[in-house]
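S.K.: Contents of final24.cif (mmCIF, C-alpha atoms and all ligand atoms) are given next:
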```
data_run
loop_
_atom_site.label_atom_id
_atom_site.label_comp_id
_atom_site.auth_asym_id
_atom_site.auth_seq_id
_atom_site.Cartn_x
_atom_site.Cartn_y
_atom_site.Cartn_z
CA MET A 544 146.07 133.65 38.51
CA SER A 545 148.13 132.49 35.61
CA LYS A 546 149.38 129.42 37.48
CA GLU A 547 148.53 126.25 35.63
CA HIS A 548 145.45 124.59 37.02
CA SER A 549 146.63 121.62 38.98
CA ALA A 550 143.49 119.53 38.43
CA GLY A 551 144.29 119.24 34.73
CA ARG A 552 146.36 120.61 31.95
CA LEU A 553 144.23 123.71 31.58
CA HIS A 554 144.61 127.03 33.32
CA ALA A 555 141.79 128.16 35.60
CA GLU A 556 140.70 130.89 33.15
CA THR A 557 140.22 128.22 30.48
CA VAL A 558 138.36 125.95 32.88
CA CYS A 559 135.97 128.82 33.69
CA VAL A 560 135.20 129.21 30.00
CA SER A 561 135.15 125.58 28.92
CA ALA A 562 133.91 123.42 31.82
CA GLY A 563 130.28 122.41 32.13
CA ARG A 564 129.51 122.57 28.41
CA THR A 565 127.31 120.38 26.24
CA GLU A 566 128.75 117.49 24.27
CA LYS A 567 130.82 118.39 21.23
CA ARG A 568 128.26 117.21 18.68
CA PRO A 569 127.17 119.21 15.65
CA GLY A 570 124.02 121.18 16.38
CA GLU A 571 124.34 121.07 20.18
CA PRO A 572 123.83 124.44 21.89
CA LEU A 573 127.09 125.80 23.36
CA ASN A 574 125.50 126.29 26.75
CA VAL A 575 123.80 123.65 28.82
CA PRO A 576 120.15 124.73 28.64
CA LEU A 577 118.20 126.05 31.57
CA VAL A 578 116.30 122.93 32.58
CA MET A 579 113.12 123.84 34.45
CA ALA A 580 111.94 120.50 35.77
CA SER A 581 111.18 118.86 39.09
CA ASN A 582 110.77 115.38 37.63
CA PHE A 583 111.84 113.34 34.64
CA ARG A 584 110.32 110.38 32.78
CA ALA A 585 110.97 107.14 34.58
CA GLY A 586 113.39 104.51 33.36
CA HIS A 587 116.47 106.71 33.40
CA LYS A 588 118.95 107.59 36.13
CA GLY A 589 117.72 110.78 37.73
CA GLU A 590 114.00 111.01 38.21
CA TYR A 591 113.47 113.75 40.75
CA ALA A 592 115.43 117.00 40.87
CA ARG A 593 115.69 117.33 44.65
CA ASP A 594 117.52 114.01 44.75
CA ASP A 595 119.29 113.88 41.43
CA GLY A 596 119.66 117.49 40.31
CA THR A 597 119.29 118.63 36.71
CA ALA A 598 121.68 118.98 33.79
CA THR A 599 121.93 122.69 34.60
CA TRP A 600 123.05 122.02 38.18
CA THR A 601 125.49 119.36 37.01
CA ALA A 602 127.12 121.77 34.56
CA LEU A 603 127.87 124.33 37.28
CA GLU A 604 129.00 121.62 39.69
CA ALA A 605 131.37 120.18 37.09
CA ALA A 606 132.94 123.59 36.48
CA VAL A 607 133.40 124.53 40.15
CA GLY A 608 134.58 121.02 41.00
CA ALA A 609 137.22 121.23 38.28
CA LEU A 610 138.39 124.61 39.56
CA GLU A 611 138.72 123.51 43.20
CA GLY A 612 139.94 119.98 42.51
CA GLY A 613 136.99 118.11 44.00
CA SER A 614 133.30 117.34 43.56
CA ALA A 615 130.93 120.26 43.95
CA LEU A 616 127.32 120.42 45.09
CA ALA A 617 125.10 123.45 44.50
CA PHE A 618 122.81 124.70 47.26
CA ALA A 619 120.11 127.34 47.57
CA SER A 620 122.60 129.81 49.09
CA GLY A 621 125.96 130.01 50.77
CA MET A 622 124.17 129.54 54.09
CA GLY A 623 122.29 126.52 52.74
CA ALA A 624 125.66 124.98 51.93
CA THR A 625 127.07 126.05 55.32
CA ALA A 626 124.14 124.42 57.12
CA ALA A 627 124.71 121.19 55.18
CA ILE A 628 128.33 121.11 56.34
CA ALA A 629 127.37 121.99 59.92
CA ASP A 630 124.76 119.22 59.93
CA LEU A 631 127.44 116.60 59.37
CA TRP A 632 128.51 116.95 63.00
CA PRO A 633 126.38 115.45 65.72
CA ALA A 634 124.99 117.38 68.67
CA GLY A 635 127.57 117.78 71.39
CA GLY A 636 130.46 118.04 68.95
CA ARG A 637 132.98 120.85 69.24
CA VAL A 638 133.43 123.38 66.46
CA VAL A 639 136.14 126.03 66.26
CA VAL A 640 135.24 129.18 64.32
CA PRO A 641 137.18 132.38 63.57
CA THR A 642 136.41 135.45 65.68
CA ASP A 643 136.35 137.46 62.49
CA SER A 644 134.23 135.61 59.96
CA TYR A 645 130.99 135.76 58.05
CA ILE A 646 128.32 136.84 60.54
CA ALA A 647 125.59 134.36 59.62
CA MET A 648 127.96 131.37 59.78
CA ARG A 649 128.77 132.13 63.41
CA ALA A 650 125.12 132.80 64.16
CA LEU A 651 124.15 129.46 62.63
CA PHE A 652 126.60 127.52 64.79
CA GLU A 653 125.92 129.50 67.97
CA GLU A 654 122.15 129.79 67.75
CA ALA A 655 121.68 126.12 66.93
CA GLY A 656 122.89 125.36 70.45
CA ARG A 657 123.89 121.91 69.27
CA TRP A 658 127.62 122.25 69.36
CA GLU A 659 130.22 123.57 71.73
CA ILE A 660 131.60 126.60 69.92
CA ARG A 661 135.05 128.06 70.44
CA THR A 662 136.07 131.26 68.70
CA VAL A 663 139.70 131.92 67.94
CA ASP A 664 141.93 134.42 66.17
CA ILE A 665 142.87 132.31 63.15
CA THR A 666 145.88 134.48 62.32
CA ASN A 667 147.43 132.84 65.39
CA THR A 668 148.25 129.35 64.11
CA GLU A 669 149.37 127.97 67.47
CA ALA A 670 146.29 129.20 69.34
CA THR A 671 144.02 127.91 66.59
CA LEU A 672 145.51 124.44 66.66
CA ALA A 673 145.37 124.43 70.46
CA ALA A 674 141.65 125.33 70.32
CA ALA A 675 141.08 122.66 67.68
CA GLU A 676 142.61 119.92 69.82
CA GLY A 677 139.81 117.41 70.42
CA ALA A 678 137.34 119.36 68.25
CA ASP A 679 135.29 117.83 65.44
CA LEU A 680 135.48 120.67 62.98
CA LEU A 681 137.78 123.62 62.38
CA TRP A 682 135.98 126.22 60.30
CA LEU A 683 138.29 128.62 58.52
CA GLU A 684 137.78 131.65 56.35
CA SER A 685 140.67 133.40 54.62
CA PRO A 686 140.82 136.26 53.89
CA THR A 687 138.13 136.94 56.50
CA ASN A 688 135.04 139.05 56.23
CA PRO A 689 135.39 141.96 57.00
CA LEU A 690 138.89 142.32 58.52
CA LEU A 691 140.77 140.55 55.68
CA ASP A 692 142.69 138.42 58.19
CA VAL A 693 144.81 135.76 56.52
CA ALA A 694 145.11 132.32 58.11
CA ASP A 695 148.07 130.03 57.41
CA LEU A 696 145.91 127.49 55.59
CA PRO A 697 148.58 124.86 54.83
CA ALA A 698 149.84 124.83 58.43
CA LEU A 699 146.34 124.77 59.93
CA CYS A 700 145.11 122.01 57.60
CA LYS A 701 148.20 119.95 58.32
CA GLY A 702 147.96 120.42 62.09
CA ALA A 703 144.24 119.72 62.16
CA ARG A 704 144.63 116.61 60.05
CA ALA A 705 147.33 115.28 62.37
CA ALA A 706 144.92 115.84 65.28
CA GLY A 707 142.05 114.12 63.47
CA VAL A 708 140.05 117.34 63.09
CA ARG A 709 138.14 118.04 59.89
CA VAL A 710 138.70 121.41 58.19
CA ALA A 711 136.20 123.47 56.25
CA VAL A 712 137.37 126.60 54.43
CA ASP A 713 135.09 129.40 53.28
CA ASN A 714 136.77 130.39 50.01
CA THR A 715 134.23 133.04 48.99
CA PHE A 716 136.62 136.03 49.05
CA ALA A 717 139.47 134.36 47.19
CA THR A 718 137.54 132.16 44.73
CA PRO A 719 139.33 129.10 43.32
CA LEU A 720 141.21 131.40 40.95
CA LEU A 721 143.25 132.80 43.82
CA GLN A 722 143.22 129.99 46.37
CA ARG A 723 142.52 126.25 46.36
CA PRO A 724 142.13 125.01 49.95
CA LEU A 725 141.63 121.34 49.01
CA GLU A 726 145.17 121.33 47.61
CA MET A 727 146.34 122.66 50.98
CA GLY A 728 144.69 119.82 52.87
CA ALA A 729 141.19 121.13 53.64
CA ASP A 730 138.37 118.57 53.72
CA VAL A 731 135.64 120.75 52.33
CA VAL A 732 135.39 124.17 50.70
CA LEU A 733 132.41 126.50 50.94
CA HIS A 734 131.40 129.13 48.40
CA SER A 735 128.81 131.79 48.44
CA ALA A 736 128.39 131.96 44.66
CA THR A 737 126.12 134.90 45.41
CA LYS A 738 129.34 136.92 45.42
CA PHE A 739 132.18 136.71 42.88
CA MET A 740 131.03 133.62 41.00
CA GLY A 741 127.60 135.02 40.18
CA GLY A 742 129.18 138.45 40.07
CA HIS A 743 126.13 140.54 39.21
CA SER A 744 124.19 140.80 42.48
CA ASP A 745 121.24 139.03 40.91
CA LEU A 746 121.20 135.60 42.55
CA LEU A 747 121.65 133.61 45.76
CA LEU A 748 123.60 130.38 45.50
CA GLY A 749 126.06 128.30 47.48
CA LEU A 750 128.41 125.40 46.80
CA THR A 751 130.34 122.82 48.73
CA VAL A 752 133.38 121.15 47.20
CA THR A 753 135.17 118.12 48.58
CA ALA A 754 137.52 115.44 47.27
CA ASP A 755 136.38 113.00 49.98
CA PRO A 756 133.77 110.62 48.52
CA ASP A 757 132.20 109.95 51.92
CA LEU A 758 131.81 113.66 52.74
CA TYR A 759 130.40 114.23 49.26
CA LYS A 760 127.80 111.50 49.74
CA ARG A 761 126.76 112.82 53.13
CA LEU A 762 126.52 116.42 51.90
CA ARG A 763 124.46 115.31 48.95
CA ARG A 764 122.16 113.43 51.28
CA ARG A 765 121.77 116.57 53.44
CA ARG A 766 120.75 118.52 50.36
CA GLU A 767 118.19 115.88 49.43
CA LEU A 768 116.68 115.68 52.91
CA THR A 769 116.70 119.36 53.83
CA GLY A 770 115.67 120.49 50.36
CA ALA A 771 118.26 123.28 50.29
CA THR A 772 118.29 122.93 46.52
CA PRO A 773 119.26 125.68 44.08
CA GLY A 774 116.83 127.24 41.64
CA GLY A 775 117.38 126.39 37.97
CA LEU A 776 117.70 130.00 36.86
CA GLU A 777 120.15 130.78 39.68
CA VAL A 778 122.38 127.88 38.68
CA TYR A 779 122.24 128.90 35.04
CA LEU A 780 123.17 132.49 35.89
CA ALA A 781 125.95 131.41 38.24
CA LEU A 782 127.58 129.36 35.49
CA ARG A 783 127.19 132.28 33.12
CA GLY A 784 128.85 134.44 35.77
CA LEU A 785 131.67 131.95 36.24
CA ARG A 786 132.59 132.26 32.55
CA THR A 787 133.71 135.87 33.08
CA MET A 788 134.82 135.61 36.70
CA PRO A 789 138.56 135.75 35.90
CA VAL A 790 138.15 138.96 33.91
CA ARG A 791 135.91 140.59 36.51
CA LEU A 792 138.05 139.51 39.42
CA ARG A 793 141.25 140.69 37.77
CA GLN A 794 139.74 144.11 37.07
CA GLY A 795 138.41 144.42 40.65
CA GLU A 796 141.72 143.24 42.03
CA SER A 797 143.84 145.65 40.03
CA ASN A 798 141.53 148.50 41.09
CA ALA A 799 141.68 147.32 44.71
CA ALA A 800 145.48 147.22 44.72
CA VAL A 801 145.79 150.87 43.65
CA LEU A 802 142.92 152.10 45.83
CA ALA A 803 144.34 150.32 48.89
CA GLN A 804 147.67 152.08 48.37
CA ARG A 805 146.06 155.50 47.85
CA LEU A 806 143.81 155.07 50.88
CA HIS A 807 146.85 153.98 52.89
CA GLU A 808 148.52 157.29 52.00
CA HIS A 809 145.39 159.40 52.67
CA ALA A 810 145.55 161.61 55.77
CA GLU A 811 141.89 160.96 56.68
CA VAL A 812 142.31 157.17 56.63
CA SER A 813 143.81 155.65 59.78
CA ARG A 814 144.18 152.09 58.62
CA VAL A 815 143.75 149.97 55.48
CA ARG A 816 143.40 146.21 55.51
CA TYR A 817 144.27 144.55 52.24
CA PRO A 818 146.58 141.53 51.98
CA GLY A 819 148.07 143.00 48.82
CA LEU A 820 149.64 145.90 50.73
CA SER A 821 153.23 145.03 51.61
CA THR A 822 152.63 146.55 55.08
CA ASP A 823 149.60 144.34 55.78
CA PRO A 824 150.12 141.73 58.52
CA GLY A 825 148.66 139.06 56.21
CA HIS A 826 150.75 140.00 53.18
CA ARG A 827 153.49 137.37 53.36
CA ARG A 828 151.10 134.55 54.05
CA ALA A 829 148.73 135.63 51.32
CA ALA A 830 151.59 135.93 48.85
CA ALA A 831 152.68 132.39 49.71
CA GLN A 832 149.29 130.66 49.50
CA MET A 833 147.27 132.79 47.08
CA ASP A 834 147.61 133.63 43.39
CA GLY A 835 146.37 137.17 43.98
CA PHE A 836 144.95 139.32 46.77
CA GLY A 837 141.35 139.69 45.73
CA ALA A 838 139.00 142.61 45.26
CA VAL A 839 137.82 143.31 48.81
CA LEU A 840 139.52 145.70 51.20
CA SER A 841 138.56 147.46 54.42
CA PHE A 842 139.60 150.85 55.72
CA GLU A 843 139.06 152.91 58.84
CA VAL A 844 138.41 156.64 58.61
CA ARG A 845 139.22 159.34 61.14
CA GLY A 846 136.06 160.66 62.79
CA GLY A 847 134.48 157.40 63.89
CA GLY A 848 131.28 155.64 62.88
CA GLN A 849 129.43 158.85 62.07
CA ARG A 850 132.02 159.88 59.52
CA ALA A 851 131.98 156.38 58.01
CA ASP A 852 128.18 156.52 57.70
CA ALA A 853 128.47 159.96 56.08
CA ILE A 854 130.93 158.56 53.53
CA CYS A 855 128.45 155.81 52.61
CA GLU A 856 125.86 158.53 51.98
CA ALA A 857 128.28 160.76 50.08
CA VAL A 858 129.55 158.28 47.49
CA ARG A 859 127.98 158.51 44.03
CA VAL A 860 129.78 155.96 41.81
CA ILE A 861 130.24 153.42 44.61
CA THR A 862 126.98 151.93 45.90
CA SER A 863 126.13 152.03 49.58
CA ALA A 864 124.95 148.44 50.04
CA THR A 865 125.73 145.19 51.75
CA SER A 866 127.20 142.15 50.02
CA LEU A 867 130.20 142.00 47.72
CA GLY A 868 131.68 140.48 44.61
CA GLY A 869 129.47 142.23 42.06
CA VAL A 870 130.61 144.16 39.01
CA GLU A 871 129.54 147.26 40.93
CA SER A 872 131.59 148.51 43.86
CA THR A 873 129.78 148.38 47.19
CA ILE A 874 130.66 149.92 50.54
CA GLU A 875 129.31 149.18 54.00
CA ARG A 876 130.07 150.04 57.62
CA ARG A 877 130.12 146.62 59.19
CA ALA A 878 130.18 147.60 62.88
CA LYS A 879 126.53 148.65 62.61
CA LEU A 880 125.62 144.96 62.30
CA PRO A 881 125.23 142.48 65.18
CA ARG A 882 128.10 140.15 66.12
CA GLN A 883 130.65 142.70 64.91
CA GLU A 884 131.78 143.92 68.32
CA HIS A 885 135.38 143.22 67.33
CA VAL A 886 135.11 145.40 64.22
CA PRO A 887 136.29 149.03 64.56
CA ASP A 888 133.40 151.51 64.49
CA SER A 889 134.67 153.43 61.48
CA LEU A 890 135.65 150.41 59.39
CA LEU A 891 134.25 150.40 55.87
CA ARG A 892 134.26 147.17 53.91
CA PHE A 893 134.79 148.00 50.28
CA SER A 894 134.11 145.46 47.52
CA VAL A 895 135.90 146.86 44.51
CA GLY A 896 134.11 146.35 41.21
CA CYS A 897 134.83 146.82 37.54
CA GLU A 898 134.29 150.57 37.19
CA HIS A 899 137.20 152.72 35.99
CA LEU A 900 139.83 153.12 38.67
CA GLU A 901 139.92 156.92 38.47
CA ASP A 902 136.15 157.24 38.80
CA LEU A 903 136.28 155.13 41.94
CA TRP A 904 139.16 157.15 43.36
CA ALA A 905 137.54 160.50 42.55
CA ASP A 906 134.37 159.28 44.28
CA LEU A 907 136.22 158.16 47.41
CA ALA A 908 138.41 161.24 47.56
CA SER A 909 135.46 163.59 47.24
CA ALA A 910 133.43 161.65 49.85
CA LEU A 911 136.40 161.87 52.21
CA ALA A 912 136.76 165.62 51.53
CA ALA A 913 133.02 166.33 51.83
CA THR A 914 132.82 164.67 55.23
CA ALA A 915 136.01 166.14 56.73
C1 LIG A 1001 127.81 136.02 51.75
C2 LIG A 1001 128.75 135.10 52.41
C3 LIG A 1001 128.31 133.85 52.87
C4 LIG A 1001 126.86 133.41 52.82
O1 LIG A 1001 126.39 133.25 51.54
P1 LIG A 1001 124.86 133.50 51.08
O2 LIG A 1001 124.90 133.17 49.65
O3 LIG A 1001 124.54 134.92 51.39
O4 LIG A 1001 124.00 132.58 51.88
C5 LIG A 1001 129.25 133.01 53.43
N1 LIG A 1001 130.54 133.38 53.55
C6 LIG A 1001 130.99 134.57 53.13
C7 LIG A 1001 132.43 134.91 53.28
C8 LIG A 1001 130.11 135.48 52.54
O5 LIG A 1001 130.57 136.67 52.14
#
```
What would you get if you wrote out this structure as structure tokens?
Ligand SMILES: *Cc1c(COP(=O)(O)O)cnc(C)c1O
M.R.:
Amino acid sequence: MSKEHSAGRLHAETVCVSAGRTEKRPGEPLNVPLVMASNFRAGHKGEYARDDGTATWTALEAAVGALEGGSALAFASGMGATAAIADLWPAGGRVVVPTDSYIAMRALFEEAGRWEIRTVDITNTEATLAAAEGADLLWLESPTNPLLDVADLPALCKGARAAGVRVAVDNTFATPLLQRPLEMGADVVLHSATKFMGGHSDLLLGLTVTADPDLYKRLRRRRELTGATPGGLEVYLALRGLRTMPVRLRQGESNAAVLAQRLHEHAEVSRVRYPGLSTDPGHRRAAAQMDGFGAVLSFEVRGGGQRADAICEAVRVITSATSLGGVESTIERRAKLPRQEHVPDSLLRFSVGCEHLEDLWADLASALAATA
């Protein structure tokens, strides 16, 4: 995370704090105000918020764009942004999606019935590029939700580009602090800012980021026409969240690294998935293309789905809840959800928050003991 930010002279931590501010004039507020307006007096560029956004949106978009090295657009949610990307491809096009990936993204592509969908194990670079041959879009996610699979992003972007296939990367788990897919050759990046960027489980928001002016224009047009626009308060809170994202993420990540190791050594845990573990199949790739391993891990417990459910009920410090990326740790058994047939029954996805490490460990250890 300390790597110098390639888009400028500033490190990412500094960009998080300083981007999207008001002009440096005496008396200006430090923060761009929360603009609650649908329309603006005529005679000035930007008359209607659905088309032109507001100063509050622009501030967040400037910050996230600077972090990813492109131009960002804020949407009502991660799925709103996903739908805008999906909409760029005409009916009959072919889209390649990861077998393990965010559930609703796959549902969106499959249920629309507009595209030919191929699913592929994106840890297998050769198979992925073979599936992408002749496709319109290769959708990647790395690390994946919930198996923490790591795709070789530089190799896949390069191969897809050579084959004339566009690449979208869901960068929600890594955030631009840990991974910048545009620098690796991706065409567009997706964020659910609902997660680490917002960071407090109090908003829904999505973003697209691209360095391609044509893609930017078309995405912006999709937002205008579908009305998948963000709420003013949500944008304001997301930018506020972004200011502290490096500190929160670093705390969650350092907790996750220790907890992953301790779970790995625990007799009641059969498998841990965390790219930061040196034994993890994605470790070498993640170390090569990421500036850290993130704050989400998954683990399987002995005793099957019932035991995993019992652990969710037994935890006291950790919250039994869906979603991830908040200051609070959350745990969920993913196989109970649809479209997770490939996910082991006892797998618990664990989003590690900012609580004290030893409180989290004591909670996990006692939940494991109580359900033995
Ligand atoms: C949550 C999530 C999304 C969808 O974002 P929403 O803000 O819930 O619409 C997309 N991708 C990943 C990896 C997610 O975790």
S.K.: To one decimal place in Å, what is the distance between CA of Arg786 (chain A) and CA of Leu900 (chain A)?
M.R.: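 So the answer is 22.9 Å.
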S.K.: Can you tell me which residues surround Thr753 (chain A) at a distance of at most 7 Å, considering only C-alpha atoms, apart from same-chain residues fewer than 2 positions away, and format the answer as a ChimeraX atom specification?
M.R.: /A:613-615,730-732,751,755,758-759
S.K.: Separation of CA of Arg816 (chain A) and CA of Gly741 (chain A), in Å?
M.R.: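 CA of Gly741 (chain A) lies 24.7 Å from CA of Arg816 (chain A).
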S.K.: Neighbours of region 656-669 of chain A within 6 Å (all atoms listed in the file; same-chain residues fewer than 5 positions away dropped), as an MDAnalysis selection string?
M.R.: chainID A and resid 634:642 694
S.K.: Neighbours of ligand LIG 1001 (chain A) at 8 Å or closer, counting all atoms listed in the file: which residues, as a PyMOL selection string?
M.R.: chain A and resi 619-625+644-645+647-648+684+687-688+713-716+733-738+747-749+866-867
S.K.: How far is it from CA of Asp594 (chain A) to CA of Leu651 (chain A), in Å with one decimal?
M.R.: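 Going from CA of Asp594 (chain A) over to CA of Leu651 (chain A), I get 24.5 Å.
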S.K.: When distances are computed from only C-alpha atoms, which of A:Ser894, A:Thr671, A:Thr557, A:Thr787 shows the smallest separation from Ala838 (chain A)?
M.R.: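 Nearest to Ala838 (chain A): A:Ser894.
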S.K.: May I ask which of the residues A:Arg814, A:Arg649, A:Arg859, A:Arg892 is the closest one to Ala878 (chain A), counting only C-alpha atoms?
M.R.: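 For Ala878 (chain A), the nearest of the given residues is A:Arg892.
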S.K.: Region 683-695 of chain A, all listed atoms, 5 Å padding on each side: what axis-aligned box centre and edge lengths in Å to one decimal come out, as JSON?
M.R.:
```
{"center_x": 141.6, "center_y": 135.5, "center_z": 56.2, "size_x": 23.0, "size_y": 23.7, "size_z": 14.6}
```
S.K.: Point out the residue among A:Ala706, A:Val712, A:Ala913, A:Ala580 with the least atom-to-atom distance to Asp595 (chain A), counting only C-alpha atoms.
M.R.: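 Residue with the minimum atom-to-atom distance to Asp595 (chain A): A:Ala580.
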S.K.: Find, counting all atoms listed in the file, the residue in A:Leu911, A:Leu699, A:Val693, A:Val558 that gets nearest to Tyr817 (chain A).
M.R.: A:Val693
S.K.: Could you check the closest approach to Val812 (chain A) for each of A:Pro824, A:Gly846, A:Gly608, A:Pro789 and tell me which residue wins, using all atoms listed in the file?
M.R.: A:Gly846
